[in-house]
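Here the structure comes first, spelled out in structure tokens, and everything after it is commentary.
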Amino acid sequence: MSRADRDGTGEDETRRAERQRVGSKIAARLARVGVTLTGEESDEGLVSLLETVEQFERAVQLKGGDLMVDEPGVEGPFQPDDAHFVLPRRGDDETVAQYLGRLRDAIDVVERHRRLGDGA
């Protein structure tokens, strides 16, 4: 048995590596949908961001929005099918908590918005 295994540091290193791996995956997913990260976000902050972004996306889908159209890409002009369905951008000086608040407000707006194709 190695010293690292005896004193528990091997387990700590394994957990730390796993947290970093998961954090990197979450950060990549957030970056793909245009969420700006500073690198200072906590593990909990990243998870909260991802969960709230996914909640926003579900709300958009339930209202008939197409995430492929409503998320800006790198090609061509950005033309969402409805401006209410565009994920709000995080401001340069906006904390995770502030941005989460704006995302939740945007979710409320989407949930109250008419479903696409319903007319009016």
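Lettering and numbering for the structure tokens are positional, with chains as A, B, ... in the shown order, residues counted from 1 in each chain, and ligands counted from 1 in the shown order.
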
Which polymer residues have any atom within 10 Å of an atom of Gly23 of chain A, counting only C-alpha atoms, with same-chain residues fewer than 3 positions away left out, as a VMD selection string?
-> chain A and resid 17 to 20 26 to 29 41 to 44 46 to 47

Return as JSON lines the residues of segment 21-43 of chain A lying at most 9 Å from segment 83-100 of chain A, together with the closest atom-to-atom pair for each and the distance in Å to one decimal, counting only C-alpha atoms, with rows in chain order and ascending residue number.
{"residue": "A:Val33", "atom": "CA", "partner": "A:Leu87", "partner_atom": "CA", "distance": 8.1}
{"residue": "A:Gly34", "atom": "CA", "partner": "A:Arg89", "partner_atom": "CA", "distance": 7.2}
{"residue": "A:Val35", "atom": "CA", "partner": "A:Arg90", "partner_atom": "CA", "distance": 6.3}
{"residue": "A:Thr36", "atom": "CA", "partner": "A:Arg90", "partner_atom": "CA", "distance": 6.1}
{"residue": "A:Leu37", "atom": "CA", "partner": "A:Arg90", "partner_atom": "CA", "distance": 8.4}
{"residue": "A:Thr38", "atom": "CA", "partner": "A:Asp92", "partner_atom": "CA", "distance": 8.5}
{"residue": "A:Glu41", "atom": "CA", "partner": "A:Val96", "partner_atom": "CA", "distance": 7.3}

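Counting only C-alpha atoms and comparing A:Asp12, A:Asp108, A:Glu40, A:Asp82, the residue that lies closest to Gly64 of chain A is A:Asp82.
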
Excluding Val110 of chain A and any residue of its chain fewer than 4 positions from it, enumerate the residues within 9 Å of it, using only C-alpha atoms, and give them as a ChimeraX atom specification.
-> /A:56,59-60,63,84-85,105-106,114
